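What follows is the content of data.txt, which has compact mmCIF, C-alpha atoms:
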```txt
# COMPACT_ATOMS: atom_id res chain seq x y z
CA MET D 1 84.79 94.76 141.37
CA SER D 2 81.75 94.83 139.12
CA GLN D 3 78.91 92.37 139.48
CA PRO D 4 79.53 88.98 137.93
CA ARG D 5 77.53 88.35 134.79
CA PRO D 6 76.88 84.63 134.37
CA TRP D 7 75.13 85.13 131.02
CA ASN D 8 77.91 87.10 129.45
CA LEU D 9 79.08 84.63 126.82
CA PHE D 10 81.98 86.84 125.88
CA ALA D 11 83.33 86.77 129.43
CA TRP D 12 83.10 82.97 129.45
CA LEU D 13 84.90 82.80 126.12
CA TRP D 14 87.61 85.09 127.40
CA LEU D 15 87.96 82.94 130.48
CA ALA D 16 88.24 79.84 128.29
CA LEU D 17 90.97 81.45 126.19
CA LEU D 18 92.97 82.56 129.22
CA PHE D 19 92.54 79.10 130.62
CA LEU D 20 93.75 77.34 127.46
CA ARG D 21 96.84 79.54 127.44
CA GLU D 22 97.57 78.65 131.07
CA LEU D 23 96.94 74.98 130.32
CA LEU D 24 99.55 74.95 127.56
CA PHE D 25 102.10 76.75 129.74
CA SER D 26 101.45 74.34 132.55
CA ALA D 27 101.96 71.30 130.34
CA VAL D 28 105.29 72.72 129.19
CA ASP D 29 106.29 73.45 132.81
CA VAL D 30 105.51 69.96 133.99
CA MET D 31 107.26 68.37 131.03
CA ARG D 32 110.36 70.44 131.63
CA ALA D 33 110.41 69.43 135.28
CA THR D 34 109.92 65.79 134.31
CA LEU D 35 112.65 65.67 131.72
CA SER D 36 115.30 67.69 133.49
CA ARG D 37 118.23 65.56 134.52
CA ARG D 38 117.86 66.39 138.19
CA ILE D 39 114.42 67.13 139.48
CA GLU D 40 114.81 70.63 140.79
CA VAL D 41 111.50 71.71 142.17
CA ARG D 42 110.53 73.18 145.49
CA PRO D 43 107.01 71.88 145.95
CA GLY D 44 104.72 72.65 148.84
CA ILE D 45 101.14 73.01 149.97
CA VAL D 46 99.97 76.62 149.97
CA ALA D 47 96.82 78.12 151.49
CA VAL D 48 95.13 80.51 149.07
CA PRO D 49 92.49 82.89 150.45
CA LEU D 50 89.41 82.93 148.25
CA ARG D 51 87.40 85.91 147.13
CA LEU D 52 84.93 83.78 145.20
CA ARG D 53 82.08 82.77 147.49
CA SER D 54 79.62 80.54 145.66
CA ALA D 55 80.05 76.78 145.44
CA ALA D 56 80.00 76.97 141.66
CA GLY D 57 82.63 79.69 141.62
CA VAL D 58 84.98 77.82 143.94
CA THR D 59 84.48 74.63 141.93
CA LEU D 60 85.33 76.44 138.71
CA LEU D 61 88.43 77.96 140.25
CA ALA D 62 89.59 74.68 141.78
CA ASP D 63 89.19 72.99 138.40
CA MET D 64 91.21 75.65 136.66
CA VAL D 65 93.86 75.67 139.37
CA THR D 66 94.34 71.94 138.95
CA LEU D 67 94.89 72.29 135.22
CA THR D 68 97.22 75.27 135.28
CA PRO D 69 100.88 75.89 135.93
CA GLY D 70 102.24 73.68 138.63
CA THR D 71 99.26 73.74 140.97
CA THR D 72 96.70 71.13 141.99
CA ALA D 73 93.80 71.82 144.30
CA LEU D 74 93.90 69.53 147.32
CA HIS D 75 91.27 70.82 149.69
CA VAL D 76 88.75 73.59 150.26
CA SER D 77 88.08 74.65 153.83
CA ARG D 78 84.58 74.03 155.06
CA ASP D 79 83.74 77.73 155.17
CA ARG D 80 84.88 77.97 151.51
CA ARG D 81 87.28 80.75 152.27
CA THR D 82 90.56 78.97 151.74
CA LEU D 83 91.76 76.80 148.91
CA TYR D 84 94.71 74.54 149.63
CA VAL D 85 96.81 73.88 146.58
CA HIS D 86 99.88 71.78 146.00
CA ALA D 87 102.33 73.85 143.97
CA MET D 88 105.31 72.47 142.09
CA ASP D 89 107.18 75.64 142.83
CA ALA D 90 106.27 76.94 146.26
CA ALA D 91 109.60 78.56 147.09
CA ASP D 92 107.62 81.82 147.23
CA PRO D 93 104.12 81.06 148.53
CA ASP D 94 103.03 84.67 148.04
CA ALA D 95 103.83 84.44 144.34
CA VAL D 96 101.62 81.34 144.13
CA ARG D 97 98.75 83.14 145.85
CA ARG D 98 99.17 86.22 143.70
CA SER D 99 99.32 84.30 140.44
CA ILE D 100 96.13 82.39 141.26
CA ALA D 101 94.30 85.53 142.37
CA GLU D 102 95.30 87.56 139.33
CA ARG D 103 95.41 85.09 136.50
CA LEU D 104 92.51 82.80 137.39
CA GLU D 105 90.32 84.16 140.14
CA ALA D 106 89.92 87.68 138.74
CA PRO D 107 88.68 86.50 135.31
CA ALA D 108 86.52 83.84 136.98
CA MET D 109 84.90 86.53 139.12
CA ARG D 110 83.61 88.16 136.00
CA VAL D 111 81.28 85.24 135.41
CA LEU D 112 80.57 83.79 138.85
CA ARG D 113 80.57 85.15 142.34
CA MET G 1 98.20 69.28 104.27
CA THR G 2 95.38 68.43 106.63
CA GLU G 3 96.73 64.90 106.86
CA ALA G 4 100.19 66.12 107.72
CA LEU G 5 98.80 68.42 110.40
CA ALA G 6 96.67 65.62 111.81
CA ALA G 7 99.69 63.32 111.89
CA LEU G 8 101.77 65.99 113.58
CA LEU G 9 99.12 66.54 116.26
CA LEU G 10 98.78 62.81 116.86
CA VAL G 11 102.53 62.34 117.28
CA LEU G 12 102.82 65.43 119.46
CA GLY G 13 99.93 64.30 121.65
CA ALA G 14 101.40 60.83 121.99
CA ALA G 15 104.81 62.31 122.89
CA ILE G 16 103.24 64.49 125.58
CA ALA G 17 101.32 61.52 126.96
CA LEU G 18 104.60 59.59 127.06
CA ILE G 19 106.31 62.42 128.94
CA ALA G 20 103.37 62.48 131.36
CA ALA G 21 103.88 58.77 131.95
CA ILE G 22 107.59 59.29 132.55
CA GLY G 23 106.65 62.04 134.98
CA VAL G 24 104.36 59.74 136.90
CA ALA G 25 107.19 57.24 137.22
CA ARG G 26 109.94 59.72 137.92
CA LEU G 27 108.64 62.57 140.07
CA PRO G 28 109.41 62.10 143.74
CA ASP G 29 106.05 62.19 145.54
CA ALA G 30 102.39 61.41 144.99
CA PHE G 31 101.41 65.07 144.67
CA LEU G 32 104.04 65.92 142.10
CA ARG G 33 103.03 62.85 140.12
CA MET G 34 99.50 64.17 140.10
CA HIS G 35 100.75 67.25 138.29
CA ALA G 36 102.16 65.15 135.48
CA ALA G 37 99.11 62.93 135.23
CA THR G 38 96.59 65.78 135.07
CA LYS G 39 98.10 68.56 132.99
CA ALA G 40 100.27 66.75 130.51
CA GLY G 41 97.66 64.01 130.34
CA VAL G 42 94.87 66.40 129.38
CA VAL G 43 97.01 68.27 126.85
CA GLY G 44 98.30 65.04 125.33
CA ALA G 45 94.87 63.49 125.03
CA GLY G 46 93.46 66.80 123.77
CA LEU G 47 96.03 67.05 120.96
CA ILE G 48 95.44 63.43 119.94
CA LEU G 49 91.69 64.11 119.84
CA ILE G 50 92.09 67.25 117.76
CA GLY G 51 94.38 65.32 115.43
CA ALA G 52 91.70 62.65 115.11
CA GLY G 53 89.11 65.35 114.43
CA LEU G 54 91.27 66.72 111.63
CA ALA G 55 91.84 63.25 110.19
CA PHE G 56 88.14 62.38 110.08
CA GLY G 57 87.07 65.90 109.30
CA SER G 58 83.31 65.39 109.52
CA GLY G 59 81.10 67.58 111.66
CA GLU G 60 80.08 64.57 113.68
CA ALA G 61 83.71 63.75 114.45
CA TRP G 62 84.35 67.31 115.58
CA LEU G 63 81.26 67.26 117.77
CA ARG G 64 82.54 64.15 119.47
CA VAL G 65 86.02 65.59 119.83
CA GLY G 66 84.59 68.73 121.39
CA LEU G 67 82.45 66.79 123.84
CA ILE G 68 85.27 64.45 124.85
CA VAL G 69 87.65 67.36 125.44
CA LEU G 70 84.97 69.14 127.44
CA PHE G 71 84.37 66.09 129.62
CA LEU G 72 88.12 65.62 130.08
CA LEU G 73 88.46 69.20 131.24
CA VAL G 74 85.58 68.83 133.66
CA THR G 75 86.37 65.38 135.08
CA VAL G 76 90.17 65.13 135.24
CA PRO G 77 90.57 67.90 137.83
CA LEU G 78 87.84 66.30 139.96
CA SER G 79 89.61 62.96 140.10
CA SER G 80 92.94 64.63 140.72
CA HIS G 81 91.45 66.73 143.52
CA ALA G 82 89.88 63.67 145.14
CA LEU G 83 93.06 61.59 144.73
CA GLY G 84 95.32 64.33 146.03
CA ARG G 85 93.16 64.93 149.08
CA ALA G 86 92.91 61.20 149.73
CA ALA G 87 96.68 60.85 149.33
CA TYR G 88 97.24 63.60 151.88
CA ILE G 89 94.80 62.16 154.40
CA GLY G 90 96.13 58.68 153.76
CA GLY G 91 99.57 59.90 154.76
CA ALA G 92 101.42 59.87 151.45
CA PRO G 93 104.71 61.55 152.32
CA LEU G 94 105.55 64.93 150.92
CA TRP G 95 108.91 64.93 149.21
CA ALA G 96 111.61 65.96 151.67
CA GLY G 97 112.49 68.91 149.45
CA SER G 98 109.04 70.45 149.88
CA ALA G 99 108.90 74.07 150.98
CA GLU G 100 105.81 74.24 153.17
CA ASP G 101 102.72 72.35 154.19
CA ALA G 102 99.81 74.70 154.82
CA LEU G 103 97.50 71.73 155.31
CA ALA G 104 99.33 70.53 158.41
CA GLY G 105 96.78 70.54 161.19
CA VAL G 106 93.92 71.31 158.80
CA LEU G 107 93.33 67.80 157.53
CA PRO G 108 93.92 64.63 159.51
CA ARG G 109 96.90 62.63 158.37
CA HIS G 110 97.35 58.89 158.78
CA ALA G 111 100.67 57.14 159.00
CA ILE G 112 101.88 54.97 156.17
CA ASP G 113 103.54 51.84 157.47
CA ASP G 114 104.95 50.76 154.13
CA GLU G 115 108.69 50.53 154.47
CA THR G 116 109.21 50.12 150.75
CA ALA G 117 107.65 53.49 150.01
CA SER G 118 110.46 55.83 149.11
CA ALA G 119 109.67 59.42 148.28
CA VAL G 120 113.11 60.09 146.84
CA PRO G 121 114.47 58.82 143.54
CA VAL G 122 117.60 56.80 143.99
CA GLN G 123 120.00 59.06 142.11
CA GLN G 124 119.07 62.00 144.32
CA ALA G 125 119.19 60.29 147.66
CA ALA G 126 122.66 61.63 148.35
CA ALA G 127 121.84 65.23 147.50
CA ILE G 128 118.85 65.80 149.76
CA PRO G 129 117.79 64.64 153.19
CA ALA G 130 116.39 61.16 153.52
CA PRO G 131 112.66 60.70 152.89
CA ALA G 132 110.57 61.74 155.81
CA ILE G 133 108.46 58.61 155.95
CA GLY G 134 109.78 57.45 159.30
CA SER G 135 109.42 60.81 160.97
CA MET G 136 105.72 61.21 160.40
CA PRO G 137 103.75 61.81 163.55
CA GLY G 138 102.48 58.48 164.77
CA ALA G 139 104.69 56.40 162.52
CA PRO G 140 105.82 53.29 164.35
CA ASP G 141 109.52 53.08 165.18
CA GLY G 142 110.69 55.37 162.41
CA PRO G 143 114.38 56.25 162.43
CA ALA G 144 115.08 59.57 164.10
CA ARG G 145 116.30 62.12 161.62
CA PRO G 146 117.33 65.76 161.91
CA ALA G 147 114.84 67.98 160.10
CA GLY G 148 116.21 69.32 156.82
CA PRO G 149 116.09 73.06 156.26
CA GLY G 150 113.21 72.79 153.82
CA ASP G 151 111.37 69.94 155.40
CA ALA G 152 108.09 71.49 156.41
CA ARG G 153 106.74 68.45 158.15
CA GLY G 154 109.97 67.85 160.01
CA ALA G 155 109.39 71.15 161.78
CA ALA G 156 105.82 70.32 162.72
CA PRO G 157 105.19 68.82 166.15
```

Rewrite the structure of this file - the entire thing - as structure tokens.
Amino acid sequence: MSQPRPWNLFAWLWLALLFLRELLFSAVDVMRATLSRRIEVRPGIVAVPLRLRSAAGVTLLADMVTLTPGTTALHVSRDRRTLYVHAMDAADPDAVRRSIAERLEAPAMRVLR
Amino acid sequence: MTEALAALLLVLGAAIALIAAIGVARLPDAFLRMHAATKAGVVGAGLILIGAGLAFGSGEAWLRVGLIVLFLLVTVPLSSHALGRAAYIGGAPLWAGSAEDALAGVLPRHAIDDETASAVPVQQAAAIPAPAIGSMPGAPDGPARPAGPGDARGAAP
């Protein structure tokens, strides 16, 4: 992984675009779950190992996690190595961890450590 | 044209906010409700704001819209994080259909002694195990209940 570049405006912009896309998907997801006749979700609390280390980085990630598909950040362990998220669909916890690591954490690591 | 687009965005935003409200009322536990309140709430409010920006059209209006959306994006997750964590520590029950609880044993959990709190919507009560309120560790005289297959907390000591 290359060094994060906090002053790379383009990377921030890219992150913002990715994030907006996720935000729209997540709104659609939640609305579908809300309006379905029977509420068929398999929620759960999942521990997500963090690669981001700085307070700012973890804060950014937790913020984005809360606003994206079916996950809300609940707690960060004191050593900042684990993020606990509540996922609307936690039938496969590994899929939750993977999706956060790939779709949010990786782009966030380009701007913060 | 701009007016029509603005009107469309306003109606769409209002509809999404309405769905978010329905979600808050309808979803089965505090944490799921948080999902509805945060995501759909931000998108709904965001669309309404963009619609308003289009309707007014001035640079000043857009500046305000941009700032409000920015503050929404920064503050809503904070409140949801704080509320969700507080709900967990305060003992808000996880819906009985929940898959797992990785926080068990990580954060302290108080017992809720509110007998009216039901984590399961009425029309689903027959389909899934009863709400796990009574079986929380430390809950006073809760009814004994066999742990459902997916009830993470039921399996915890």

Residues near Ile50 of chain G, anyone? I mean within 7 Å using all atoms listed in the file, not counting same-chain ones fewer than 4 positions away, as a short mmCIF file (atom, residue, chain, number, x, y, z; two decimals) with C-alpha atoms, in the coordinates of the input.
```cif
data_model
loop_
_atom_site.label_atom_id
_atom_site.label_comp_id
_atom_site.auth_asym_id
_atom_site.auth_seq_id
_atom_site.Cartn_x
_atom_site.Cartn_y
_atom_site.Cartn_z
CA GLY G 46 93.46 66.80 123.77
CA LEU G 54 91.27 66.72 111.63
CA VAL G 65 86.02 65.59 119.83
#
```

Give me, as a Markdown table, each residue of chain G that comes within 8 Å of chain D, together with its shortest interatomic pair and the distance in Å at one decimal, counting all atoms listed in the file, with rows ordered by chain and rising residue number.
```
| residue | atom | partner | partner_atom | distance |
| --- | --- | --- | --- | --- |
| G:Ile16 | CA | D:Met31 | CA | 7.8 |
| G:Ile19 | CA | D:Met31 | CA | 6.4 |
| G:Ala20 | CA | D:Met31 | CA | 7.1 |
| G:Ile22 | CA | D:Thr34 | CA | 7.1 |
| G:Gly23 | CA | D:Thr34 | CA | 5.0 |
| G:Arg26 | CA | D:Thr34 | CA | 7.1 |
| G:Leu27 | CA | D:Thr34 | CA | 6.7 |
| G:Phe31 | CA | D:His86 | CA | 7.0 |
| G:Leu32 | CA | D:Met88 | CA | 6.7 |
| G:Met34 | CA | D:Thr72 | CA | 7.7 |
| G:His35 | CA | D:Gly70 | CA | 6.6 |
| G:Ala36 | CA | D:Val30 | CA | 6.0 |
| G:Thr38 | CA | D:Leu67 | CA | 6.7 |
| G:Lys39 | CA | D:Leu67 | CA | 5.4 |
| G:Ala40 | CA | D:Ala27 | CA | 4.9 |
| G:Val43 | CA | D:Ala27 | CA | 6.8 |
| G:Val74 | CA | D:Asp63 | CA | 7.3 |
| G:Pro77 | CA | D:Asp63 | CA | 5.3 |
| G:Leu78 | CA | D:Asp63 | CA | 7.0 |
| G:Ser80 | CA | D:Thr72 | CA | 7.6 |
| G:His81 | CA | D:Leu74 | CA | 5.3 |
| G:Ala82 | CA | D:Leu74 | CA | 7.4 |
| G:Gly84 | CA | D:Leu74 | CA | 5.5 |
| G:Arg85 | CA | D:Leu74 | CA | 5.0 |
| G:Trp95 | CA | D:Pro43 | CA | 7.9 |
| G:Gly97 | CA | D:Arg42 | CA | 6.1 |
| G:Ser98 | CA | D:Pro43 | CA | 4.6 |
| G:Ala99 | CA | D:Gly44 | CA | 4.9 |
| G:Glu100 | CA | D:Gly44 | CA | 4.7 |
| G:Asp101 | CA | D:Ile45 | CA | 4.6 |
| G:Ala102 | CA | D:Val46 | CA | 5.2 |
| G:Leu103 | CA | D:Ile45 | CA | 6.6 |
| G:Gln124 | CA | D:Arg38 | CA | 7.6 |
```

Note to self: I'd like the neighbourhood of Glu105 of chain D as a VMD selection string, where a residue qualifies if any of its atoms comes within 8 Å (using only C-alpha atoms), though same-chain residues fewer than 3 positions away should be ignored.
What the structure shows: chain D and resid 51 to 52 61 100 to 102 108 to 109

Check: Around (102.4, 62.8, 152.0) in the file's frame, which residues reach within 9 Å when counting only C-alpha atoms? Return as a PyMOL selection string?
Finding: chain G and resi 29-31+87-95+109+112+119+133

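Going from atom CA of Glu3 of chain G over to atom CA of Leu72 of chain G, you cover 24.8 Å.
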
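Distance-wise, atom CA of Ala55 of chain D and atom CA of Arg110 of chain D end up 15.2 Å apart.
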
Next item on the list: Could you give me, as a VMD selection string, the residues that have an atom at most 7 Å away from the point (83.3, 76.3, 149.7) in the coordinates of the file, using only C-alpha atoms?
Entry: chain D and resid 53 to 55 58 76 to 81

I need the chosen residues saved as a PDB file, in the coordinates of the input, with C-alpha atoms.
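Output contents, as saved in out_24.pdb:
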```pdb
ATOM      1  CA  ARG D  53      82.080  82.770 147.490  1.00  0.00           C
ATOM      2  CA  SER D  54      79.620  80.540 145.660  1.00  0.00           C
ATOM      3  CA  ALA D  55      80.050  76.780 145.440  1.00  0.00           C
ATOM      4  CA  VAL D  58      84.980  77.820 143.940  1.00  0.00           C
ATOM      5  CA  VAL D  76      88.750  73.590 150.260  1.00  0.00           C
ATOM      6  CA  SER D  77      88.080  74.650 153.830  1.00  0.00           C
ATOM      7  CA  ARG D  78      84.580  74.030 155.060  1.00  0.00           C
ATOM      8  CA  ASP D  79      83.740  77.730 155.170  1.00  0.00           C
ATOM      9  CA  ARG D  80      84.880  77.970 151.510  1.00  0.00           C
ATOM     10  CA  ARG D  81      87.280  80.750 152.270  1.00  0.00           C
TER      11      ARG D  81
END
```

Checklist line | Distance criterion (only C-alpha atoms): nearest to Pro107 of chain D out of D:Arg37, D:Phe19, D:Ala95, D:Thr82 | finding: D:Phe19

Next item on the list: Skip Gly13 of chain G itself and residues of its chain fewer than 5 positions away, then list as a list in words all residues within 6 Å of it, counting all atoms listed in the file.
Entry: Gly44, Leu47 and Ile48 of chain G

Restore N, CA and C atoms in segment 45-59 of chain G and list the result as a JSON list (two decimals), in the coordinates of the input.
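Result went into selection-v4.json, see below:
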```
[["chain", "number", "residue", "atom", "x", "y", "z"],
["G", 45, "ALA", "N", 96.10, 64.08, 125.55],
["G", 45, "ALA", "CA", 94.87, 63.49, 125.03],
["G", 45, "ALA", "C", 94.13, 64.49, 124.14],
["G", 46, "GLY", "N", 94.14, 65.77, 124.55],
["G", 46, "GLY", "CA", 93.46, 66.80, 123.77],
["G", 46, "GLY", "C", 94.06, 66.91, 122.37],
["G", 47, "LEU", "N", 95.39, 66.93, 122.27],
["G", 47, "LEU", "CA", 96.03, 67.05, 120.96],
["G", 47, "LEU", "C", 95.72, 65.83, 120.10],
["G", 48, "ILE", "N", 95.76, 64.64, 120.70],
["G", 48, "ILE", "CA", 95.44, 63.43, 119.94],
["G", 48, "ILE", "C", 94.01, 63.52, 119.41],
["G", 49, "LEU", "N", 93.08, 64.00, 120.26],
["G", 49, "LEU", "CA", 91.69, 64.11, 119.84],
["G", 49, "LEU", "C", 91.53, 65.11, 118.71],
["G", 50, "ILE", "N", 92.20, 66.26, 118.82],
["G", 50, "ILE", "CA", 92.09, 67.25, 117.76],
["G", 50, "ILE", "C", 92.68, 66.70, 116.47],
["G", 51, "GLY", "N", 93.79, 65.97, 116.61],
["G", 51, "GLY", "CA", 94.38, 65.32, 115.43],
["G", 51, "GLY", "C", 93.38, 64.37, 114.79],
["G", 52, "ALA", "N", 92.70, 63.59, 115.63],
["G", 52, "ALA", "CA", 91.70, 62.65, 115.11],
["G", 52, "ALA", "C", 90.57, 63.41, 114.42],
["G", 53, "GLY", "N", 90.16, 64.54, 115.04],
["G", 53, "GLY", "CA", 89.11, 65.35, 114.43],
["G", 53, "GLY", "C", 89.52, 65.83, 113.05],
["G", 54, "LEU", "N", 90.76, 66.28, 112.93],
["G", 54, "LEU", "CA", 91.27, 66.72, 111.63],
["G", 54, "LEU", "C", 91.27, 65.57, 110.63],
["G", 55, "ALA", "N", 91.72, 64.39, 111.09],
["G", 55, "ALA", "CA", 91.84, 63.25, 110.19],
["G", 55, "ALA", "C", 90.48, 62.82, 109.66],
["G", 56, "PHE", "N", 89.47, 62.79, 110.54],
["G", 56, "PHE", "CA", 88.14, 62.38, 110.08],
["G", 56, "PHE", "C", 87.43, 63.53, 109.38],
["G", 57, "GLY", "N", 87.52, 64.70, 110.00],
["G", 57, "GLY", "CA", 87.07, 65.90, 109.30],
["G", 57, "GLY", "C", 85.58, 66.16, 109.27],
["G", 58, "SER", "N", 84.75, 65.17, 109.60],
["G", 58, "SER", "CA", 83.31, 65.39, 109.52],
["G", 58, "SER", "C", 82.82, 66.19, 110.72],
["G", 59, "GLY", "N", 81.67, 66.82, 110.56],
["G", 59, "GLY", "CA", 81.10, 67.58, 111.66],
["G", 59, "GLY", "C", 80.83, 66.70, 112.86]]
```
